[in-house]
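Visitor: Structure provided below as structure tokens; questions to follow.
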Amino acid sequence: MIIKKYQAATEMEAIMKAKEELGKDAVIMNVKTVKPKGLQRLFKKNYVEITAAVDEPSETKKEYRTQKTAKSDFEKGKEQTAISMIDNSEQNQPEQNHSDKEVRTSAIEERLDNLAQLLERQMKDSQEEEEQNLDQNSKMVKLIFDQLLNNEVTEENAKEIMSEIDDSGSRLQLDDLLASVYQKIVLKLGQMKTIELSEDKPKLVFFIGPTGVGKTTTIAKLASKYKLEKKCKLAIITADTYRVAAVEQIRTYANILSVPIDVVYNAEEIKKSIEKYKDYDLIFVDTAGRSHKNTEQQGDVKNLLEAVRDFNQEIYLVVSATTKYRDLVKITQTYSDITNYRLLFTKIDETGALGNILNIRMLTKEPLSYTTFGQNVPDDISVTDAQFIAKQLLGGSE
Ligand SMILES: Nc1nc2c(ncn2[C@@H]2O[C@H](COP(=O)(O)OP(=O)(O)O)[C@@H](O)[C@H]2O)c(=O)[nH]1
Ligand SMILES: [Mg+2]
């Protein structure tokens, strides 16, 4: 059998070359498109390489052999080497003398040599192919990695996500790669935890977090949903007594919704207030948005939470998606010292980059809950949509 490789601009041209040299019986064993490597890429186009084989008819073989013996040294190590395997007709010779045997032995050795060379080359080819695949894969991985950074996913988190992608040398399709990164992000965002009504009444729902992030507005949105849509028996307590305007703001919402509202100044008062609403389904508690840098002020929220520890409760840490990662780290850590919580991101309408939602979720391991996306009460709130966020992180950015 003769095996040869032919290169040409198109598959058809390469086949024509093969048939011209090996005859019309040549069989095409493999076709591959070769991408020039390194700088050649800039100058050379892709080309097609085919591997063709033909059973060695005695005529062709003899001719080929003669050429081969004549050019033996020249041929060795050349790109297009042909191999002729052991020929049966030779084996069938009835008589052999000693020198005949020697000739045959050396011929066999030469063929084995050629075979070894061919195998080596094929291994090199497959290694090169693997390297090309890796090269191609790493380009796509870099593309997605950059997209994540662009959406403000931290480098550390983007690396963690991308390092979990298994490419084991095979060529990945961009679609498959995107799908598996997407899946990883959705998994990392985890299961959402939202307000659960329970038999064990009343359920206290605390909203804590820095000033101005949207706690009071979020309470108004959720109160409207639970009171008007779900027909829950709902009361509001506010412990944000530091600004008159803050009390007035929540009182206005409570009045519109016909929901009772209490203003409490300390732990004792909140207990009394809860007692008043003990047969209610839900009590939403608004707290003062205090500076996370002021530990004394933090103490207020801590005292309040400690006073009601025995009640059935949920705590939502409200943070804005527009806050810098570094500050979010400080805020979430400060509150982690006080209590466990669920993460509630506001103002996602004000930023094109949602990376911090993933970053803070990965950092704190606390569950996500709701996201708000505008000032309209009650419409601009929904349960956090992991698929939407994953899509944004992989595609959308302003
Ligand atoms: N763009 C936008 N603004 C919001 C959102 N939520 C609240 N706000 C605005 O943020 C400001 C502060 O809200 P507020 O509820 O008083 O914050 P609090 O101090 O945490 O109680 C108000 O002007 C709200 O209308 C939101 O999801 N998107
Ligand atoms: Mg407020």
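We name chains A, B, ... following the order of the structure tokens; residues begin at 1 in each chain, and ligands are numbered from 1 as shown.
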Do a neighbour search on Glu196 of chain A at 10 Å with only C-alpha atoms, toss out local chain neighbours closer than 5 positions, and write the hits as a PyMOL selection string.

Guide: chain A and resi 203+205+282+313-314

Visitor: Can you write just those residues out, N, CA, C and O atoms, as a short mmCIF file (atom, residue, chain, number, x, y, z; two decimals), in the first residue's frame?

Guide:
```cif
data_model
loop_
_atom_site.label_atom_id
_atom_site.label_comp_id
_atom_site.auth_asym_id
_atom_site.auth_seq_id
_atom_site.Cartn_x
_atom_site.Cartn_y
_atom_site.Cartn_z
N LYS A 203 -44.87 36.50 60.94
CA LYS A 203 -43.52 36.40 60.38
C LYS A 203 -42.95 37.81 60.31
O LYS A 203 -43.54 38.71 59.71
N VAL A 205 -40.27 40.42 58.95
CA VAL A 205 -39.37 40.55 57.81
C VAL A 205 -38.58 41.85 57.95
O VAL A 205 -39.14 42.94 57.83
N LEU A 282 -47.79 38.97 58.36
CA LEU A 282 -46.47 39.56 58.12
C LEU A 282 -46.30 40.89 58.85
O LEU A 282 -47.24 41.69 58.91
N GLN A 313 -38.61 34.81 61.74
CA GLN A 313 -38.19 36.00 61.00
C GLN A 313 -37.32 35.71 59.78
O GLN A 313 -36.71 34.65 59.66
N GLU A 314 -37.29 36.70 58.89
CA GLU A 314 -36.38 36.68 57.74
C GLU A 314 -35.70 38.04 57.70
O GLU A 314 -36.32 39.06 58.01
#
```

Visitor: How close does each residue of chain A get to ligand 2, giving the shortest atom pair and distance in Å to one decimal for every residue with an atom at most 7 Å away, counting only C-alpha atoms and all ligand atoms, sorted by chain and residue number, as a tab-separated table?

Guide:
```
residue	atom	partner	partner_atom_place_in_ligand_line	distance
A:Thr211	CA	ligand 2	1 (Mg)	6.9
A:Gly212	CA	ligand 2	1 (Mg)	6.7
A:Gly214	CA	ligand 2	1 (Mg)	6.6
A:Lys215	CA	ligand 2	1 (Mg)	5.3
A:Thr216	CA	ligand 2	1 (Mg)	4.2
A:Asp240	CA	ligand 2	1 (Mg)	6.9
A:Ala246	CA	ligand 2	1 (Mg)	5.5
A:Asp286	CA	ligand 2	1 (Mg)	6.9
A:Ala288	CA	ligand 2	1 (Mg)	6.5
A:Gly289	CA	ligand 2	1 (Mg)	6.5
```

Visitor: Which residues sit within 7 Å of ligand 1, counting only C-alpha atoms and all ligand atoms, listed as a list in words?

Guide: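 With only C-alpha atoms and all ligand atoms and a cut-off of 7 Å, ligand 1 is contacted by Gly209, Pro210, Thr211, Gly212, Val213, Gly214, Lys215, Thr216, Thr217, Thr218, Gly289, Thr346, Lys347, Ile348, Asp349, Glu350, Thr372, Phe373, Gly374, Gln375 and Asp380 of chain A.
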
Visitor: With only C-alpha atoms as the atoms that count, which of A:Tyr316, A:Phe345, A:Tyr335, A:Tyr280 lies nearest to Ile381 of chain A?

Guide: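 That would be A:Phe345, the residue with the smallest distance to Ile381 of chain A.
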
Visitor: Of the candidates A:Met12, A:Met1, A:Val54, A:Val34, which shows the shortest atom-to-atom distance to Asn133 of chain A, using only C-alpha atoms?

Guide: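 Comparing A:Met12, A:Met1, A:Val54, A:Val34 against Asn133 of chain A, the winner is A:Val34.
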
Visitor: Excluding segment 336-339 of chain A and residues on its chain fewer than 2 positions from it, collect all residues at most 12 Å away from it, counting only C-alpha atoms, and give them as a PDB file with N, CA, C and O atoms, in the first residue's frame.

Guide:
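Printed below is selection-v7.pdb as written:
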```pdb
ATOM      1  N   PHE A 206     -37.300  41.714  58.252  1.00  0.00           N
ATOM      2  CA  PHE A 206     -36.426  42.878  58.456  1.00  0.00           C
ATOM      3  C   PHE A 206     -35.742  43.305  57.165  1.00  0.00           C
ATOM      4  O   PHE A 206     -35.312  42.461  56.385  1.00  0.00           O
ATOM      5  N   ILE A 208     -32.541  45.567  56.271  1.00  0.00           N
ATOM      6  CA  ILE A 208     -31.406  46.301  56.828  1.00  0.00           C
ATOM      7  C   ILE A 208     -30.476  46.697  55.682  1.00  0.00           C
ATOM      8  O   ILE A 208     -30.567  46.145  54.582  1.00  0.00           O
ATOM      9  N   GLY A 209     -29.587  47.639  55.960  1.00  0.00           N
ATOM     10  CA  GLY A 209     -28.639  48.052  54.910  1.00  0.00           C
ATOM     11  C   GLY A 209     -28.346  49.530  54.951  1.00  0.00           C
ATOM     12  O   GLY A 209     -28.991  50.281  55.715  1.00  0.00           O
ATOM     13  N   HIS A 292     -22.127  52.067  57.377  1.00  0.00           N
ATOM     14  CA  HIS A 292     -21.511  50.803  57.793  1.00  0.00           C
ATOM     15  C   HIS A 292     -20.156  51.046  58.450  1.00  0.00           C
ATOM     16  O   HIS A 292     -19.556  50.150  59.016  1.00  0.00           O
ATOM     17  N   THR A 295     -19.661  51.899  63.873  1.00  0.00           N
ATOM     18  CA  THR A 295     -20.015  50.673  64.594  1.00  0.00           C
ATOM     19  C   THR A 295     -21.042  50.925  65.690  1.00  0.00           C
ATOM     20  O   THR A 295     -21.836  50.058  66.017  1.00  0.00           O
ATOM     21  N   GLN A 298     -24.260  50.743  64.085  1.00  0.00           N
ATOM     22  CA  GLN A 298     -24.529  49.348  63.762  1.00  0.00           C
ATOM     23  C   GLN A 298     -25.183  48.653  64.945  1.00  0.00           C
ATOM     24  O   GLN A 298     -26.040  47.797  64.777  1.00  0.00           O
ATOM     25  N   GLY A 299     -24.734  49.039  66.112  1.00  0.00           N
ATOM     26  CA  GLY A 299     -25.225  48.445  67.352  1.00  0.00           C
ATOM     27  C   GLY A 299     -26.733  48.521  67.452  1.00  0.00           C
ATOM     28  O   GLY A 299     -27.372  47.608  67.984  1.00  0.00           O
ATOM     29  N   ASP A 300     -27.347  49.604  66.949  1.00  0.00           N
ATOM     30  CA  ASP A 300     -28.807  49.755  67.012  1.00  0.00           C
ATOM     31  C   ASP A 300     -29.517  48.602  66.319  1.00  0.00           C
ATOM     32  O   ASP A 300     -30.450  48.017  66.865  1.00  0.00           O
ATOM     33  N   VAL A 301     -29.074  48.300  65.116  1.00  0.00           N
ATOM     34  CA  VAL A 301     -29.696  47.219  64.345  1.00  0.00           C
ATOM     35  C   VAL A 301     -29.479  45.901  65.078  1.00  0.00           C
ATOM     36  O   VAL A 301     -30.383  45.075  65.193  1.00  0.00           O
ATOM     37  N   LYS A 302     -28.263  45.759  65.615  1.00  0.00           N
ATOM     38  CA  LYS A 302     -27.914  44.532  66.337  1.00  0.00           C
ATOM     39  C   LYS A 302     -28.849  44.333  67.548  1.00  0.00           C
ATOM     40  O   LYS A 302     -29.416  43.252  67.730  1.00  0.00           O
ATOM     41  N   ASN A 303     -29.021  45.392  68.333  1.00  0.00           N
ATOM     42  CA  ASN A 303     -29.900  45.315  69.509  1.00  0.00           C
ATOM     43  C   ASN A 303     -31.318  44.947  69.125  1.00  0.00           C
ATOM     44  O   ASN A 303     -31.958  44.118  69.776  1.00  0.00           O
ATOM     45  N   LEU A 304     -31.772  45.578  68.067  1.00  0.00           N
ATOM     46  CA  LEU A 304     -33.135  45.350  67.595  1.00  0.00           C
ATOM     47  C   LEU A 304     -33.322  43.880  67.221  1.00  0.00           C
ATOM     48  O   LEU A 304     -34.299  43.230  67.612  1.00  0.00           O
ATOM     49  N   LEU A 305     -32.345  43.343  66.466  1.00  0.00           N
ATOM     50  CA  LEU A 305     -32.427  41.948  66.027  1.00  0.00           C
ATOM     51  C   LEU A 305     -32.350  40.987  67.208  1.00  0.00           C
ATOM     52  O   LEU A 305     -33.061  39.983  67.240  1.00  0.00           O
ATOM     53  N   GLU A 306     -31.492  41.332  68.157  1.00  0.00           N
ATOM     54  CA  GLU A 306     -31.352  40.450  69.325  1.00  0.00           C
ATOM     55  C   GLU A 306     -32.638  40.394  70.143  1.00  0.00           C
ATOM     56  O   GLU A 306     -33.019  39.348  70.662  1.00  0.00           O
ATOM     57  N   ARG A 309     -35.073  37.888  68.557  1.00  0.00           N
ATOM     58  CA  ARG A 309     -34.452  36.653  68.063  1.00  0.00           C
ATOM     59  C   ARG A 309     -35.383  35.438  68.104  1.00  0.00           C
ATOM     60  O   ARG A 309     -35.314  34.570  67.253  1.00  0.00           O
ATOM     61  N   GLN A 313     -38.612  34.806  61.745  1.00  0.00           N
ATOM     62  CA  GLN A 313     -38.188  35.999  60.997  1.00  0.00           C
ATOM     63  C   GLN A 313     -37.317  35.710  59.775  1.00  0.00           C
ATOM     64  O   GLN A 313     -36.709  34.652  59.655  1.00  0.00           O
ATOM     65  N   GLU A 314     -37.288  36.697  58.894  1.00  0.00           N
ATOM     66  CA  GLU A 314     -36.385  36.683  57.736  1.00  0.00           C
ATOM     67  C   GLU A 314     -35.704  38.038  57.697  1.00  0.00           C
ATOM     68  O   GLU A 314     -36.322  39.057  58.013  1.00  0.00           O
ATOM     69  N   ILE A 315     -34.425  38.042  57.328  1.00  0.00           N
ATOM     70  CA  ILE A 315     -33.690  39.318  57.280  1.00  0.00           C
ATOM     71  C   ILE A 315     -33.133  39.532  55.868  1.00  0.00           C
ATOM     72  O   ILE A 315     -32.461  38.647  55.324  1.00  0.00           O
ATOM     73  N   TYR A 316     -33.432  40.678  55.309  1.00  0.00           N
ATOM     74  CA  TYR A 316     -32.940  41.008  53.966  1.00  0.00           C
ATOM     75  C   TYR A 316     -31.925  42.139  54.061  1.00  0.00           C
ATOM     76  O   TYR A 316     -32.242  43.223  54.579  1.00  0.00           O
ATOM     77  N   LEU A 317     -30.709  41.869  53.583  1.00  0.00           N
ATOM     78  CA  LEU A 317     -29.720  42.947  53.506  1.00  0.00           C
ATOM     79  C   LEU A 317     -29.899  43.611  52.147  1.00  0.00           C
ATOM     80  O   LEU A 317     -29.690  42.985  51.099  1.00  0.00           O
ATOM     81  N   LEU A 328     -19.091  47.174  48.788  1.00  0.00           N
ATOM     82  CA  LEU A 328     -20.040  46.086  49.052  1.00  0.00           C
ATOM     83  C   LEU A 328     -19.421  45.023  49.948  1.00  0.00           C
ATOM     84  O   LEU A 328     -20.092  44.454  50.816  1.00  0.00           O
ATOM     85  N   VAL A 329     -18.130  44.766  49.741  1.00  0.00           N
ATOM     86  CA  VAL A 329     -17.425  43.785  50.575  1.00  0.00           C
ATOM     87  C   VAL A 329     -17.482  44.234  52.033  1.00  0.00           C
ATOM     88  O   VAL A 329     -17.830  43.462  52.930  1.00  0.00           O
ATOM     89  N   LYS A 330     -17.191  45.535  52.251  1.00  0.00           N
ATOM     90  CA  LYS A 330     -17.203  46.061  53.631  1.00  0.00           C
ATOM     91  C   LYS A 330     -18.601  45.980  54.229  1.00  0.00           C
ATOM     92  O   LYS A 330     -18.784  45.539  55.367  1.00  0.00           O
ATOM     93  N   ILE A 331     -19.590  46.417  53.472  1.00  0.00           N
ATOM     94  CA  ILE A 331     -20.975  46.411  53.976  1.00  0.00           C
ATOM     95  C   ILE A 331     -21.410  45.006  54.349  1.00  0.00           C
ATOM     96  O   ILE A 331     -21.895  44.750  55.450  1.00  0.00           O
ATOM     97  N   THR A 332     -21.215  44.063  53.401  1.00  0.00           N
ATOM     98  CA  THR A 332     -21.717  42.711  53.661  1.00  0.00           C
ATOM     99  C   THR A 332     -20.965  42.067  54.823  1.00  0.00           C
ATOM    100  O   THR A 332     -21.559  41.312  55.597  1.00  0.00           O
ATOM    101  N   GLN A 333     -19.674  42.385  54.948  1.00  0.00           N
ATOM    102  CA  GLN A 333     -18.936  41.805  56.079  1.00  0.00           C
ATOM    103  C   GLN A 333     -19.390  42.384  57.405  1.00  0.00           C
ATOM    104  O   GLN A 333     -19.532  41.657  58.395  1.00  0.00           O
ATOM    105  N   THR A 334     -19.628  43.699  57.416  1.00  0.00           N
ATOM    106  CA  THR A 334     -20.097  44.321  58.657  1.00  0.00           C
ATOM    107  C   THR A 334     -21.401  43.668  59.116  1.00  0.00           C
ATOM    108  O   THR A 334     -21.553  43.325  60.287  1.00  0.00           O
ATOM    109  N   TYR A 341     -28.268  36.710  56.543  1.00  0.00           N
ATOM    110  CA  TYR A 341     -29.263  37.495  55.806  1.00  0.00           C
ATOM    111  C   TYR A 341     -29.425  36.935  54.398  1.00  0.00           C
ATOM    112  O   TYR A 341     -28.672  36.059  53.968  1.00  0.00           O
ATOM    113  N   ARG A 342     -30.411  37.492  53.716  1.00  0.00           N
ATOM    114  CA  ARG A 342     -30.570  37.213  52.290  1.00  0.00           C
ATOM    115  C   ARG A 342     -30.183  38.485  51.559  1.00  0.00           C
ATOM    116  O   ARG A 342     -30.419  39.571  52.094  1.00  0.00           O
ATOM    117  N   LEU A 343     -29.618  38.354  50.383  1.00  0.00           N
ATOM    118  CA  LEU A 343     -29.172  39.545  49.644  1.00  0.00           C
ATOM    119  C   LEU A 343     -30.285  40.082  48.755  1.00  0.00           C
ATOM    120  O   LEU A 343     -30.904  39.323  47.999  1.00  0.00           O
ATOM    121  N   LEU A 363     -18.991  35.649  47.421  1.00  0.00           N
ATOM    122  CA  LEU A 363     -18.223  36.010  48.614  1.00  0.00           C
ATOM    123  C   LEU A 363     -18.941  35.599  49.899  1.00  0.00           C
ATOM    124  O   LEU A 363     -18.357  34.966  50.775  1.00  0.00           O
ATOM    125  N   THR A 364     -20.224  35.976  50.005  1.00  0.00           N
ATOM    126  CA  THR A 364     -20.928  35.778  51.277  1.00  0.00           C
ATOM    127  C   THR A 364     -21.579  34.402  51.385  1.00  0.00           C
ATOM    128  O   THR A 364     -21.850  33.942  52.488  1.00  0.00           O
ATOM    129  N   LYS A 365     -21.834  33.774  50.215  1.00  0.00           N
ATOM    130  CA  LYS A 365     -22.576  32.500  50.156  1.00  0.00           C
ATOM    131  C   LYS A 365     -24.005  32.649  50.689  1.00  0.00           C
ATOM    132  O   LYS A 365     -24.700  31.657  50.919  1.00  0.00           O
ATOM    133  N   GLU A 366     -24.438  33.896  50.923  1.00  0.00           N
ATOM    134  CA  GLU A 366     -25.815  34.113  51.371  1.00  0.00           C
ATOM    135  C   GLU A 366     -26.734  34.053  50.142  1.00  0.00           C
ATOM    136  O   GLU A 366     -26.322  34.418  49.046  1.00  0.00           O
TER     137      GLU A 366
END
```

Visitor: List every residue of segment 187-329 of chain A that DSSP, applied to the backbone of this structure, places in strand (DSSP E), and write the result as an NGL selection string.

Guide: :A and (203-208 or 234-238 or 261-263 or 282-286 or 313-320)

Visitor: Taking into account only C-alpha atoms, which residue in the set A:Val48, A:Val263, A:Ala220, A:Val318 is nearest to Val247 of chain A?

Guide: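 Under the stated criterion, the closest residue is A:Val263.
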
Visitor: Could you please determine the separation between atom CA of Leu187 of chain A and atom CA of Asn359 of chain A in Å, to one decimal place?

Guide: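 One can read the atom CA of Leu187 of chain A to atom CA of Asn359 of chain A distance as 13.3 Å.
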
Visitor: Considering only C-alpha atoms, can you say which of A:Arg121, A:Asp385, A:Thr252, A:Ile185 comes closest to Val153 of chain A?

Guide: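 Of all the options, A:Ile185 lies closest to Val153 of chain A.
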
Visitor: Could you state the separation of atom CA of Leu115 of chain A and atom CA of Lys32 of chain A in Å, given to one decimal place?

Guide: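 Value for the atom CA of Leu115 of chain A-atom CA of Lys32 of chain A distance: 21.2 Å.
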
Visitor: From the list A:Asp176, A:Lys188, A:Leu394, A:Ser126, which residue is nearest Asn157 of chain A when using only C-alpha atoms?

Guide: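 Closest candidate: A:Lys188.
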
Visitor: Using atom CA of Leu344 of chain A and atom CA of Thr371 of chain A as the two end points, give the distance in Å to one decimal.

Guide: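 Taking atom CA of Leu344 of chain A as the start and atom CA of Thr371 of chain A as the end point, the length is 5.9 Å.
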
Visitor: From the set A:Gln392, A:Asn150, A:Ser170, A:Ser258, which residue has the shortest atom-to-atom contact distance to Gln136 of chain A, counting only C-alpha atoms?

Guide: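 Comparing A:Gln392, A:Asn150, A:Ser170, A:Ser258 against Gln136 of chain A, the winner is A:Ser170.
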
Visitor: So that I can see what lies close to Leu257 of chain A, please list as a list of chain:residue names the residues with an atom at most 12 Å from it, counting only C-alpha atoms and leaving out residues fewer than 2 positions away in the same chain.

Guide: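 In the requested form, the answer reads A:Ile219, A:Ala220, A:Lys221, A:Leu222, A:Ala223, A:Ser224, A:Lys225, A:Tyr226, A:Lys227, A:Leu228, A:Glu229, A:Lys231, A:Cys232, A:Lys233, A:Leu234, A:Ala235, A:Ile236, A:Ile250, A:Arg251, A:Thr252, A:Tyr253, A:Ala254, A:Asn255, A:Val259, A:Pro260, A:Ile261, A:Val377, A:Pro378.
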
Visitor: So that I can check the secondary structure, give me every residue of segment 198-305 of chain A assigned alpha helix (DSSP H) by backbone DSSP, as JSON, numbers by chain.

Guide: {"A": [215, 216, 217, 218, 219, 220, 221, 222, 223, 224, 244, 245, 246, 247, 248, 249, 250, 251, 252, 253, 254, 255, 256, 257, 267, 268, 269, 270, 271, 272, 273, 274, 275, 276, 295, 296, 297, 298, 299, 300, 301, 302, 303, 304, 305]}
